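Please read the structure below before turning to the comments.
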Amino acid sequence: MLNNYETVFILTPVLSEEQTKEAVGKFADLIANEGGEIVNREEWGQRKLAYPIQKFSTGYYVLLEFTAKPEFVDKLEVEFRRDDRVIRFLTVRQDKFHMEYAEKRRRNRKEAPAEVAEEPVQE
C-alpha cells in the first residue's frame, strides 16, 4: 500500500547551482527507484534560516510531495542523514486534509501571476 508523503529538506548554501541540482536529483531518483512517484517538486531557493544551523544563516529549501511504501521513509531519512549537503529535513505523512490543502495550494500557485505589479498609493 502506498501512502502520500511530503518532505522538506534544506541544503547547505555553499553548493554551486550544479551541485544543488545533483543533490535534489539524487533524492528524487531515490524515490522513483524505490517504486514511489513524485507528485510535486518545488525548489524554494535560498532562504534565511530562523536560527543558525552548522554556522549557516541561510539554506536552499526543497519540497517533494510523493507516494511511497511506509518502510521507504526510513531509507530516505537515512540517506538525508548520510549526505553532508543536507543540514535539516522533515518528512510527514499526508492525511486527507493535508492532501486537499496541498492540491489547493498547487492549483493557486499555477493560477497566480508570476509577478504582481504594485500600484502606487495616491494620497
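Residues are named by chain letter and number: chains run A, B, ... in the order of the C-alpha cells, numbers start at 1 in each chain, and ligands are numbered from 1 in the order shown.
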
Selection near A:Leu63, 8 Å with only C-alpha atoms, sequence-local residues under 6 positions removed, as a PyMOL selection string: chain A and resi 6-9+40-44

The distance between atom CA of A:Phe56 and atom CA of A:Leu76 is 23.5 Å

Among A:Ile10, A:Ala23, A:Ala102, A:Val86, A:Arg47 is approached most closely, using only C-alpha atoms, by A:Ile10

Query - Separation of atom CA of A:Val39 from atom CA of A:Glu65 in Å - result: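 Taking atom CA of A:Glu65 as the start and atom CA of A:Val39 as the end point, the length is 5.3 Å.
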
So which bits of chain A end up strand (DSSP E or B) when you DSSP the backbone, as a VMD selection string?
chain A and resid 3 to 11 37 to 53 56 to 68 86 to 93
